[in-house]
file upload_35.cif (mmCIF, C-alpha atoms)
data_work
loop_
_atom_site.label_atom_id
_atom_site.label_comp_id
_atom_site.auth_asym_id
_atom_site.auth_seq_id
_atom_site.Cartn_x
_atom_site.Cartn_y
_atom_site.Cartn_z
CA MET A 72 14.09 -11.16 21.89
CA ARG A 73 16.82 -13.71 22.42
CA PHE A 74 17.10 -16.04 19.48
CA GLY A 75 16.27 -19.63 20.29
CA ARG A 76 15.16 -18.91 23.91
CA ILE A 77 11.66 -19.83 25.15
CA SER A 78 10.23 -17.79 28.02
CA ALA A 79 8.46 -19.27 31.03
CA VAL A 80 5.13 -17.88 29.78
CA ASP A 81 5.63 -19.48 26.36
CA ARG A 82 6.51 -22.80 27.97
CA LEU A 83 3.39 -22.62 30.17
CA VAL A 84 1.20 -21.90 27.13
CA GLN A 85 2.74 -24.83 25.23
CA THR A 86 2.27 -27.33 28.07
CA ALA A 87 -1.01 -26.21 29.66
CA GLY A 88 -2.68 -24.18 26.89
CA VAL A 89 -4.55 -27.05 25.21
CA PRO A 90 -5.90 -28.66 28.45
CA LEU A 91 -7.02 -25.26 29.74
CA LEU A 92 -8.72 -24.50 26.45
CA ALA A 93 -10.56 -27.85 26.48
CA CYS A 94 -11.73 -27.36 30.09
CA SER A 95 -12.89 -23.81 29.39
CA MET A 96 -14.89 -24.97 26.38
CA ILE A 97 -16.62 -27.69 28.45
CA VAL A 98 -17.43 -25.28 31.29
CA THR A 99 -18.68 -22.50 29.03
CA THR A 100 -20.85 -24.96 27.09
CA ALA A 101 -22.44 -26.21 30.31
CA ILE A 102 -22.98 -22.69 31.69
CA ALA A 103 -24.40 -21.37 28.41
CA GLY A 104 -26.87 -24.26 28.29
CA ILE A 105 -28.35 -23.74 31.80
CA PRO A 106 -30.66 -20.82 30.81
CA GLY A 107 -31.86 -22.90 27.86
CA TRP A 108 -32.87 -25.70 30.19
CA PHE A 109 -34.96 -23.31 32.32
CA PHE A 110 -36.67 -21.83 29.27
CA LEU A 111 -37.34 -25.32 27.92
CA LYS A 112 -38.72 -26.47 31.27
CA ARG A 113 -41.07 -23.48 31.42
CA ALA A 114 -42.22 -24.02 27.83
CA LEU A 115 -43.03 -27.69 28.40
CA GLY A 116 -44.80 -26.97 31.66
CA ALA A 117 -44.84 -28.74 34.98
CA GLY A 118 -44.25 -32.46 35.03
CA HIS A 119 -42.01 -32.41 31.95
CA GLU A 120 -38.70 -31.83 33.75
CA GLY A 121 -37.32 -35.16 32.57
CA GLU A 122 -38.11 -34.44 28.92
CA ALA A 123 -36.61 -30.95 29.25
CA LEU A 124 -33.46 -32.48 30.74
CA ARG A 125 -33.15 -34.99 27.89
CA VAL A 126 -33.51 -32.28 25.24
CA TYR A 127 -30.99 -30.15 27.08
CA ALA A 128 -28.58 -33.11 27.22
CA VAL A 129 -28.90 -33.70 23.46
CA ILE A 130 -28.29 -30.04 22.69
CA ALA A 131 -25.34 -29.90 25.06
CA LEU A 132 -23.88 -33.09 23.58
CA CYS A 133 -24.15 -31.77 20.01
CA THR A 134 -22.62 -28.47 21.06
CA ALA A 135 -19.78 -30.20 22.88
CA LEU A 136 -19.18 -32.47 19.88
CA SER A 137 -18.97 -29.57 17.44
CA GLU A 138 -16.69 -27.64 19.76
CA GLY A 139 -14.58 -30.77 20.22
CA ILE A 140 -14.12 -31.05 16.46
CA ALA A 141 -13.17 -27.38 16.29
CA LEU A 142 -10.76 -27.92 19.18
CA ALA A 143 -9.17 -30.91 17.43
CA VAL A 144 -8.66 -28.87 14.27
CA GLY A 145 -7.18 -26.05 16.34
CA ILE A 146 -4.82 -28.44 18.12
CA PHE A 147 -3.67 -29.89 14.79
CA ILE A 148 -3.02 -26.42 13.36
CA PHE A 149 -1.21 -25.40 16.55
CA TRP A 150 0.93 -28.54 16.39
CA ARG A 151 1.82 -27.96 12.74
CA LEU A 152 2.70 -24.32 13.37
CA SER A 153 4.82 -25.29 16.38
CA ARG A 154 6.72 -27.84 14.29
CA ARG A 155 7.21 -25.31 11.51
CA ILE A 156 8.45 -22.64 13.90
CA LYS A 157 10.89 -25.10 15.48
CA LEU A 158 12.12 -26.13 12.03
CA LEU A 159 12.65 -22.51 10.97
CA ASN A 160 14.40 -21.82 14.26
CA ASP A 161 16.75 -24.75 13.75
CA GLU A 162 17.41 -23.78 10.14
CA SER A 163 18.18 -20.20 11.16
CA ARG A 164 20.66 -21.38 13.79
CA ASP A 165 22.33 -23.69 11.26
CA LEU A 166 22.49 -20.87 8.72
CA VAL A 167 24.12 -18.48 11.18
CA ARG A 168 26.58 -21.18 12.25
CA SER A 169 27.49 -21.92 8.63
CA VAL A 170 27.90 -18.24 7.73
CA LEU A 171 30.19 -17.65 10.69
CA HIS A 172 32.22 -20.73 9.78
CA ASP A 173 32.66 -19.67 6.14
CA ILE A 174 33.61 -16.04 6.80
CA ARG A 175 35.94 -16.81 9.70
CA THR A 176 38.82 -18.04 7.53
CA PRO A 177 39.01 -15.06 5.11
CA LEU A 178 38.55 -12.60 7.97
CA SER A 179 41.39 -14.29 9.88
CA ARG A 180 43.65 -13.94 6.83
CA ILE A 181 42.78 -10.27 6.46
CA SER A 182 43.40 -9.66 10.16
CA SER A 183 46.77 -11.46 10.08
CA SER A 184 47.91 -9.56 6.99
CA ALA A 185 46.77 -6.27 8.52
CA GLN A 186 48.91 -6.98 11.57
CA LEU A 187 51.91 -7.55 9.31
CA VAL A 188 51.21 -4.27 7.51
CA LEU A 189 51.03 -2.41 10.81
CA GLY A 190 54.27 -4.04 11.87
CA GLY A 191 55.99 -3.10 8.62
CA ALA A 192 56.67 -6.74 7.71
CA ALA A 193 54.12 -7.15 4.90
CA ASP A 194 55.12 -8.22 1.39
CA ALA A 195 53.43 -8.97 -1.92
CA LEU A 196 52.20 -12.37 -0.70
CA ASP A 197 50.42 -10.75 2.22
CA ALA A 198 48.76 -8.26 -0.10
CA ALA A 199 47.70 -11.09 -2.38
CA SER A 200 46.26 -12.93 0.62
CA VAL A 201 44.19 -9.89 1.59
CA SER A 202 42.95 -9.51 -1.98
CA GLU A 203 42.04 -13.19 -2.21
CA SER A 204 40.21 -13.13 1.13
CA CYS A 205 38.26 -10.02 0.19
CA ALA A 206 37.32 -11.63 -3.13
CA GLN A 207 36.11 -14.72 -1.25
CA LEU A 208 33.91 -12.63 1.05
CA LEU A 209 32.52 -10.65 -1.89
CA ALA A 210 31.74 -13.90 -3.71
CA ILE A 211 29.75 -15.13 -0.70
CA VAL A 212 27.82 -11.85 -0.50
CA ASP A 213 27.16 -11.75 -4.25
CA ALA A 214 26.03 -15.38 -4.35
CA ASN A 215 23.56 -14.79 -1.51
CA ALA A 216 22.21 -11.68 -3.20
CA GLU A 217 21.83 -13.63 -6.45
CA ILE A 218 19.95 -16.44 -4.68
CA THR A 219 17.56 -13.99 -3.01
CA ASN A 220 16.95 -12.08 -6.25
CA ASN A 221 16.13 -15.31 -8.06
CA TYR A 222 13.54 -16.32 -5.47
CA VAL A 223 11.83 -12.91 -5.51
CA GLY A 224 12.31 -12.39 -9.27
CA ALA A 225 13.83 -8.94 -8.83
CA GLY A 226 16.30 -6.91 -10.85
CA GLU A 227 16.38 -9.03 -14.01
CA PRO A 228 15.88 -7.83 -17.60
CA PRO A 229 13.45 -9.75 -19.82
CA PRO A 230 14.73 -13.17 -20.94
CA HIS A 231 15.95 -13.69 -24.47
CA GLU A 232 16.79 -16.65 -26.69
CA VAL A 233 19.82 -18.55 -25.40
CA ASP A 234 21.44 -21.67 -26.83
CA PHE A 235 21.73 -23.95 -23.79
CA ARG A 236 23.79 -26.39 -25.83
CA GLN A 237 26.54 -23.80 -26.23
CA VAL A 238 26.40 -22.90 -22.53
CA VAL A 239 26.83 -26.54 -21.47
CA SER A 240 29.60 -27.03 -24.05
CA GLU A 241 31.55 -24.05 -22.70
CA ALA A 242 31.10 -25.22 -19.10
CA ALA A 243 32.26 -28.73 -20.04
CA GLU A 244 35.33 -27.28 -21.75
CA LEU A 245 36.12 -25.18 -18.69
CA PHE A 246 35.78 -28.02 -16.18
CA GLY A 247 37.23 -30.59 -18.56
CA SER A 248 40.74 -29.34 -17.83
CA VAL A 249 40.05 -29.50 -14.09
CA ALA A 250 38.71 -33.03 -14.44
CA GLU A 251 41.79 -34.07 -16.41
CA MET A 252 44.09 -32.65 -13.74
CA ASN A 253 42.17 -34.62 -11.10
CA GLY A 254 42.24 -37.84 -13.11
CA VAL A 255 38.47 -37.77 -13.73
CA ALA A 256 36.94 -38.59 -17.11
CA LEU A 257 34.32 -36.11 -18.35
CA ASP A 258 31.83 -37.23 -21.00
CA VAL A 259 29.41 -34.82 -22.64
CA ASP A 260 26.39 -35.83 -24.72
CA LEU A 261 24.92 -32.85 -26.59
CA PRO A 262 22.45 -32.62 -29.47
CA SER A 263 23.87 -31.77 -32.87
CA HIS A 264 21.61 -28.72 -33.16
CA PRO A 265 21.10 -25.64 -30.95
CA VAL A 266 18.85 -26.06 -27.91
CA VAL A 267 17.16 -22.69 -27.58
CA LEU A 268 15.05 -21.44 -24.68
CA MET A 269 13.97 -18.07 -23.30
CA ALA A 270 16.34 -17.38 -20.43
CA HIS A 271 19.36 -15.37 -19.26
CA ARG A 272 22.74 -16.62 -20.32
CA HIS A 273 24.48 -16.00 -17.00
CA LYS A 274 21.79 -17.93 -15.11
CA LEU A 275 22.14 -20.95 -17.38
CA GLN A 276 25.91 -20.73 -16.87
CA GLN A 277 25.31 -20.87 -13.11
CA ILE A 278 23.28 -24.05 -13.49
CA ALA A 279 25.71 -25.88 -15.75
CA GLY A 280 28.83 -24.57 -14.02
CA ASN A 281 27.78 -25.42 -10.47
CA LEU A 282 26.54 -28.90 -11.32
CA LEU A 283 29.72 -29.78 -13.24
CA ASP A 284 31.91 -28.17 -10.59
CA ASN A 285 30.35 -30.26 -7.82
CA ALA A 286 30.47 -33.46 -9.87
CA VAL A 287 34.18 -33.06 -10.69
CA LYS A 288 35.04 -31.82 -7.19
CA PHE A 289 33.51 -34.79 -5.37
CA THR A 290 34.60 -37.53 -7.76
CA PRO A 291 37.88 -39.24 -6.81
CA ARG A 292 40.68 -40.00 -9.25
CA GLY A 293 39.71 -42.68 -11.74
CA GLY A 294 36.03 -41.75 -11.58
CA ARG A 295 33.72 -40.50 -14.30
CA VAL A 296 31.42 -37.51 -14.79
CA ALA A 297 28.80 -37.35 -17.53
CA ALA A 298 26.61 -34.47 -18.71
CA ALA A 299 23.70 -34.93 -21.11
CA LEU A 300 21.37 -32.36 -22.64
CA SER A 301 18.01 -33.21 -24.22
CA GLU A 302 14.81 -31.43 -25.21
CA THR A 303 11.13 -31.89 -25.98
CA ALA A 304 8.69 -29.55 -27.62
CA LYS A 305 8.20 -27.62 -24.37
CA GLU A 306 11.12 -28.44 -22.06
CA VAL A 307 14.90 -28.72 -21.88
CA SER A 308 16.60 -31.20 -19.54
CA LEU A 309 20.18 -31.29 -18.29
CA THR A 310 21.47 -34.34 -16.43
CA VAL A 311 24.84 -34.43 -14.67
CA SER A 312 25.95 -37.72 -13.11
CA ASP A 313 29.12 -38.82 -11.38
CA THR A 314 30.70 -41.83 -9.71
CA GLY A 315 31.82 -39.80 -6.71
CA ILE A 316 31.42 -40.04 -2.96
CA GLY A 317 27.64 -39.58 -3.07
CA ILE A 318 25.43 -37.87 -0.53
CA ALA A 319 24.62 -39.41 2.84
CA LYS A 320 20.93 -40.15 3.41
CA GLY A 321 20.75 -37.78 6.36
CA ASP A 322 22.24 -34.94 4.31
CA GLN A 323 20.02 -35.29 1.26
CA PRO A 324 17.08 -33.19 2.54
CA LYS A 325 19.49 -30.28 3.22
CA ILE A 326 21.63 -30.12 0.09
CA PHE A 327 19.78 -27.10 -1.37
CA ASP A 328 20.06 -25.13 1.89
CA ARG A 329 22.40 -22.17 1.84
CA PHE A 330 25.87 -22.86 3.24
CA PHE A 331 25.08 -26.51 3.90
CA ARG A 332 28.11 -28.76 3.56
CA SER A 333 28.25 -32.36 4.62
CA GLU A 334 30.95 -33.54 6.98
CA ARG A 335 32.65 -35.41 4.13
CA GLY A 336 32.60 -32.28 1.96
CA ARG A 337 33.98 -29.77 4.45
CA SER A 338 37.55 -30.60 3.52
CA THR A 339 36.83 -29.62 -0.10
CA PRO A 340 37.04 -25.90 -1.01
CA GLY A 341 33.69 -24.19 -1.42
CA SER A 342 31.05 -22.10 0.32
CA GLY A 343 28.06 -24.45 0.16
CA LEU A 344 26.11 -22.03 -2.06
CA GLY A 345 26.37 -23.73 -5.45
CA LEU A 346 23.35 -26.01 -5.21
CA SER A 347 21.34 -23.30 -3.45
CA LEU A 348 22.00 -21.06 -6.43
CA VAL A 349 21.01 -23.81 -8.88
CA HIS A 350 17.76 -24.36 -7.00
CA ALA A 351 17.03 -20.61 -6.94
CA VAL A 352 17.64 -20.22 -10.69
CA VAL A 353 15.50 -23.24 -11.56
CA THR A 354 12.73 -21.89 -9.31
CA PHE A 355 13.02 -18.50 -11.03
CA TYR A 356 12.27 -20.12 -14.39
CA GLY A 357 9.48 -22.33 -13.02
CA GLY A 358 11.46 -25.51 -13.66
CA GLU A 359 12.33 -28.51 -11.55
CA VAL A 360 15.57 -29.85 -10.10
CA GLY A 361 15.94 -33.32 -8.60
CA PHE A 362 18.63 -35.80 -7.71
CA SER A 363 19.32 -39.33 -6.68
CA SER A 364 22.40 -40.42 -4.80
CA THR A 365 23.97 -43.53 -3.33
CA PRO A 366 26.78 -42.98 -0.82
CA GLY A 367 30.03 -44.29 -2.24
CA ARG A 368 28.60 -44.86 -5.71
CA GLY A 369 27.72 -41.43 -7.06
CA THR A 370 25.02 -38.84 -7.67
CA VAL A 371 22.74 -37.83 -10.53
CA PHE A 372 21.28 -34.33 -10.80
CA SER A 373 18.51 -33.53 -13.24
CA VAL A 374 17.30 -30.05 -14.19
CA THR A 375 14.23 -29.43 -16.34
CA LEU A 376 13.45 -25.94 -17.64
CA PRO A 377 10.51 -24.74 -19.72
CA LYS A 378 11.45 -23.28 -23.10
CA HIS A 379 9.05 -20.40 -22.48
CA ARG A 380 8.12 -19.03 -19.07
#

call {"tool": "encode", "arguments": {"input": "upload_35.cif", "output": "structure tokens"}}
result
Amino acid sequence: MRFGRISAVDRLVQTAGVPLLACSMIVTTAIAGIPGWFFLKRALGAGHEGEALRVYAVIALCTALSEGIALAVGIFIFWRLSRRIKLLNDESRDLVRSVLHDIRTPLSRISSSAQLVLGGAADALDAASVSESCAQLLAIVDANAEITNNYVGAGEPPPHEVDFRQVVSEAAELFGSVAEMNGVALDVDLPSHPVVLMAHRHKLQQIAGNLLDNAVKFTPRGGRVAAALSETAKEVSLTVSDTGIGIAKGDQPKIFDRFFRSERGRSTPGSGLGLSLVHAVVTFYGGEVGFSSTPGRGTVFSVTLPKHR
């Protein structure tokens, strides 16, 4: 099967399948009703042909109406499935294109350094380049495996009590130095007491780290990033806002897709897996993640997690 290709038979079914189905239903209804008309005519006796014809017409009309409703439902389902298949096809093509784009650079570095090694002209910088490129490829593979495992809920030990306040504080401290280097102010609003929930520490680190990383990364010098943690009796909420470049309206439905990067964000280092990983982790815990964004004015991400699964 060639990916993305539609055969002549498939195209014929798509264009002529519904009209042929409708015609066949009308013809079969008419043919199936003819014996009934003869039986009805014989039962009513001679001189009642008109009455027999009227009864036959009513029965045929009701049958055609019911089959028409069934046909309409079938057409609607067929249309929805066709749209879904096309959407999945487009998403698969975009995913393959993004994967190839992201692995091309590290593979090119490895290939160039290998040529230097073969030519005897390699040095420590070339070896470091190979190591860095391999680490980049491994990070992409590991992140994809982590996303998949989160969605299927596989390979994880039971959750335990984790202080989300400490996790966010450590992430803020880590990215605070990066924000300072980039001329971005980072404000953190945390409760004065521990915020405990049943979870896995490394997964909470992925949520806080990726959201803060994106906020700092896409906020220009002089901007501001803010993180706030709050809780209720049953839930914990983390909000990360920034005054960065924002997300274009056309890109917003795709931001949780793997490897998706907007045109404005392609010049910034990254693999396009951070938000996909956040979405996968939040889904794993049965929580919710949402956002609002205005291009040129900033973005706000909000994550809500249950304290107990």

call {"tool": "atom_distance", "arguments": {"input": "upload_35.cif", "atom1": "CA of Ser312 (chain A)", "atom2": "CA of Phe327 (chain A)"}}
result
17.0 Å

call {"tool": "closest_residue", "arguments": {"input": "upload_35.cif", "among": "A:Val233, A:Val238, A:Ala256, A:Leu376", "to": "His271 (chain A)", "atoms": "only C-alpha atoms"}}
result
A:Val233

call {"tool": "closest_residue", "arguments": {"input": "upload_35.cif", "among": "A:Gly315, A:Pro229, A:Gly345, A:Gly121", "to": "Arg329 (chain A)", "atoms": "all atoms listed in the file"}}
result
A:Gly345

call {"tool": "closest_residue", "arguments": {"input": "upload_35.cif", "among": "A:Gly321, A:Leu344, A:Gln276, A:Asp313", "to": "Gly367 (chain A)", "atoms": "only C-alpha atoms"}}
result
A:Asp313

call {"tool": "closest_residue", "arguments": {"input": "upload_35.cif", "among": "A:Ser363, A:Gln323, A:Thr290, A:Ser179", "to": "Gly254 (chain A)", "atoms": "all atoms listed in the file"}}
result
A:Thr290

call {"tool": "residues_near_point", "arguments": {"input": "upload_35.cif", "point": "(16.8, -22.0, -25.8)", "cutoff": "12 Å", "atoms": "only C-alpha atoms", "output": "short mmCIF file (atom, residue, chain, number, x, y, z; two decimals) with C-alpha atoms, keeping the file's coordinate frame"}}
result
data_model
loop_
_atom_site.label_atom_id
_atom_site.label_comp_id
_atom_site.auth_asym_id
_atom_site.auth_seq_id
_atom_site.Cartn_x
_atom_site.Cartn_y
_atom_site.Cartn_z
CA PRO A 230 14.73 -13.17 -20.94
CA HIS A 231 15.95 -13.69 -24.47
CA GLU A 232 16.79 -16.65 -26.69
CA VAL A 233 19.82 -18.55 -25.40
CA ASP A 234 21.44 -21.67 -26.83
CA PHE A 235 21.73 -23.95 -23.79
CA ARG A 236 23.79 -26.39 -25.83
CA GLN A 237 26.54 -23.80 -26.23
CA VAL A 238 26.40 -22.90 -22.53
CA VAL A 239 26.83 -26.54 -21.47
CA HIS A 264 21.61 -28.72 -33.16
CA PRO A 265 21.10 -25.64 -30.95
CA VAL A 266 18.85 -26.06 -27.91
CA VAL A 267 17.16 -22.69 -27.58
CA LEU A 268 15.05 -21.44 -24.68
CA MET A 269 13.97 -18.07 -23.30
CA ALA A 270 16.34 -17.38 -20.43
CA HIS A 271 19.36 -15.37 -19.26
CA ARG A 272 22.74 -16.62 -20.32
CA LEU A 275 22.14 -20.95 -17.38
CA LEU A 300 21.37 -32.36 -22.64
CA SER A 301 18.01 -33.21 -24.22
CA GLU A 302 14.81 -31.43 -25.21
CA THR A 303 11.13 -31.89 -25.98
CA ALA A 304 8.69 -29.55 -27.62
CA LYS A 305 8.20 -27.62 -24.37
CA GLU A 306 11.12 -28.44 -22.06
CA VAL A 307 14.90 -28.72 -21.88
CA SER A 308 16.60 -31.20 -19.54
CA LEU A 376 13.45 -25.94 -17.64
CA PRO A 377 10.51 -24.74 -19.72
CA LYS A 378 11.45 -23.28 -23.10
CA HIS A 379 9.05 -20.40 -22.48
CA ARG A 380 8.12 -19.03 -19.07
#

call {"tool": "atom_distance", "arguments": {"input": "upload_35.cif", "atom1": "CA of Thr375 (chain A)", "atom2": "CA of Gly357 (chain A)"}}
result
9.2 Å

call {"tool": "build_atoms", "arguments": {"input": "upload_35.cif", "residues": "region 135-146 of chain A", "atoms": "all heavy atoms", "output": "PDB file, in the coordinates of the input"}}
result
ATOM      1  N   ALA A 135     -21.099 -29.761  22.438  1.00  0.00           N
ATOM      2  CA  ALA A 135     -19.780 -30.200  22.880  1.00  0.00           C
ATOM      3  C   ALA A 135     -19.044 -30.950  21.760  1.00  0.00           C
ATOM      4  O   ALA A 135     -17.828 -30.795  21.588  1.00  0.00           O
ATOM      5  CB  ALA A 135     -19.912 -31.097  24.103  1.00  0.00           C
ATOM      6  N   LEU A 136     -19.796 -31.739  20.980  1.00  0.00           N
ATOM      7  CA  LEU A 136     -19.180 -32.470  19.880  1.00  0.00           C
ATOM      8  C   LEU A 136     -18.640 -31.524  18.818  1.00  0.00           C
ATOM      9  O   LEU A 136     -17.507 -31.688  18.333  1.00  0.00           O
ATOM     10  CB  LEU A 136     -20.203 -33.432  19.258  1.00  0.00           C
ATOM     11  CG  LEU A 136     -19.693 -34.307  18.096  1.00  0.00           C
ATOM     12  CD1 LEU A 136     -18.553 -35.204  18.570  1.00  0.00           C
ATOM     13  CD2 LEU A 136     -20.832 -35.137  17.522  1.00  0.00           C
ATOM     14  N   SER A 137     -19.432 -30.525  18.452  1.00  0.00           N
ATOM     15  CA  SER A 137     -18.970 -29.570  17.440  1.00  0.00           C
ATOM     16  C   SER A 137     -17.777 -28.780  17.937  1.00  0.00           C
ATOM     17  O   SER A 137     -16.815 -28.540  17.197  1.00  0.00           O
ATOM     18  CB  SER A 137     -20.116 -28.625  17.059  1.00  0.00           C
ATOM     19  OG  SER A 137     -20.562 -27.881  18.175  1.00  0.00           O
ATOM     20  N   GLU A 138     -17.826 -28.375  19.201  1.00  0.00           N
ATOM     21  CA  GLU A 138     -16.690 -27.640  19.760  1.00  0.00           C
ATOM     22  C   GLU A 138     -15.463 -28.549  19.883  1.00  0.00           C
ATOM     23  O   GLU A 138     -14.321 -28.098  19.738  1.00  0.00           O
ATOM     24  CB  GLU A 138     -17.060 -27.064  21.116  1.00  0.00           C
ATOM     25  CG  GLU A 138     -18.062 -25.920  21.030  1.00  0.00           C
ATOM     26  CD  GLU A 138     -18.299 -25.267  22.369  1.00  0.00           C
ATOM     27  OE1 GLU A 138     -17.828 -25.814  23.389  1.00  0.00           O
ATOM     28  OE2 GLU A 138     -18.945 -24.195  22.399  1.00  0.00           O
ATOM     29  N   GLY A 139     -15.702 -29.839  20.167  1.00  0.00           N
ATOM     30  CA  GLY A 139     -14.580 -30.770  20.220  1.00  0.00           C
ATOM     31  C   GLY A 139     -13.898 -30.925  18.876  1.00  0.00           C
ATOM     32  O   GLY A 139     -12.660 -30.988  18.785  1.00  0.00           O
ATOM     33  N   ILE A 140     -14.702 -30.966  17.801  1.00  0.00           N
ATOM     34  CA  ILE A 140     -14.120 -31.050  16.460  1.00  0.00           C
ATOM     35  C   ILE A 140     -13.310 -29.791  16.157  1.00  0.00           C
ATOM     36  O   ILE A 140     -12.190 -29.854  15.636  1.00  0.00           O
ATOM     37  CB  ILE A 140     -15.231 -31.249  15.407  1.00  0.00           C
ATOM     38  CG1 ILE A 140     -15.904 -32.612  15.607  1.00  0.00           C
ATOM     39  CG2 ILE A 140     -14.674 -31.124  13.996  1.00  0.00           C
ATOM     40  CD1 ILE A 140     -17.109 -32.830  14.713  1.00  0.00           C
ATOM     41  N   ALA A 141     -13.890 -28.629  16.507  1.00  0.00           N
ATOM     42  CA  ALA A 141     -13.170 -27.380  16.290  1.00  0.00           C
ATOM     43  C   ALA A 141     -11.875 -27.343  17.106  1.00  0.00           C
ATOM     44  O   ALA A 141     -10.830 -26.872  16.635  1.00  0.00           O
ATOM     45  CB  ALA A 141     -14.052 -26.191  16.670  1.00  0.00           C
ATOM     46  N   LEU A 142     -11.951 -27.867  18.338  1.00  0.00           N
ATOM     47  CA  LEU A 142     -10.760 -27.920  19.180  1.00  0.00           C
ATOM     48  C   LEU A 142      -9.698 -28.826  18.576  1.00  0.00           C
ATOM     49  O   LEU A 142      -8.503 -28.501  18.568  1.00  0.00           O
ATOM     50  CB  LEU A 142     -11.135 -28.402  20.578  1.00  0.00           C
ATOM     51  CG  LEU A 142      -9.986 -28.575  21.577  1.00  0.00           C
ATOM     52  CD1 LEU A 142      -9.285 -27.249  21.811  1.00  0.00           C
ATOM     53  CD2 LEU A 142     -10.491 -29.167  22.882  1.00  0.00           C
ATOM     54  N   ALA A 143     -10.118 -29.978  18.042  1.00  0.00           N
ATOM     55  CA  ALA A 143      -9.170 -30.910  17.430  1.00  0.00           C
ATOM     56  C   ALA A 143      -8.475 -30.279  16.230  1.00  0.00           C
ATOM     57  O   ALA A 143      -7.257 -30.412  16.049  1.00  0.00           O
ATOM     58  CB  ALA A 143      -9.883 -32.192  17.017  1.00  0.00           C
ATOM     59  N   VAL A 144      -9.253 -29.564  15.419  1.00  0.00           N
ATOM     60  CA  VAL A 144      -8.660 -28.870  14.270  1.00  0.00           C
ATOM     61  C   VAL A 144      -7.676 -27.808  14.749  1.00  0.00           C
ATOM     62  O   VAL A 144      -6.574 -27.650  14.201  1.00  0.00           O
ATOM     63  CB  VAL A 144      -9.766 -28.239  13.402  1.00  0.00           C
ATOM     64  CG1 VAL A 144      -9.154 -27.369  12.302  1.00  0.00           C
ATOM     65  CG2 VAL A 144     -10.640 -29.318  12.776  1.00  0.00           C
ATOM     66  N   GLY A 145      -8.076 -27.064  15.795  1.00  0.00           N
ATOM     67  CA  GLY A 145      -7.180 -26.050  16.340  1.00  0.00           C
ATOM     68  C   GLY A 145      -5.895 -26.642  16.884  1.00  0.00           C
ATOM     69  O   GLY A 145      -4.806 -26.083  16.692  1.00  0.00           O
ATOM     70  N   ILE A 146      -6.008 -27.773  17.580  1.00  0.00           N
ATOM     71  CA  ILE A 146      -4.820 -28.440  18.120  1.00  0.00           C
ATOM     72  C   ILE A 146      -3.896 -28.888  16.990  1.00  0.00           C
ATOM     73  O   ILE A 146      -2.666 -28.737  17.062  1.00  0.00           O
ATOM     74  CB  ILE A 146      -5.220 -29.640  18.993  1.00  0.00           C
ATOM     75  CG1 ILE A 146      -5.926 -29.152  20.261  1.00  0.00           C
ATOM     76  CG2 ILE A 146      -4.006 -30.490  19.356  1.00  0.00           C
ATOM     77  CD1 ILE A 146      -6.498 -30.277  21.096  1.00  0.00           C
TER      78      ILE A 146
END
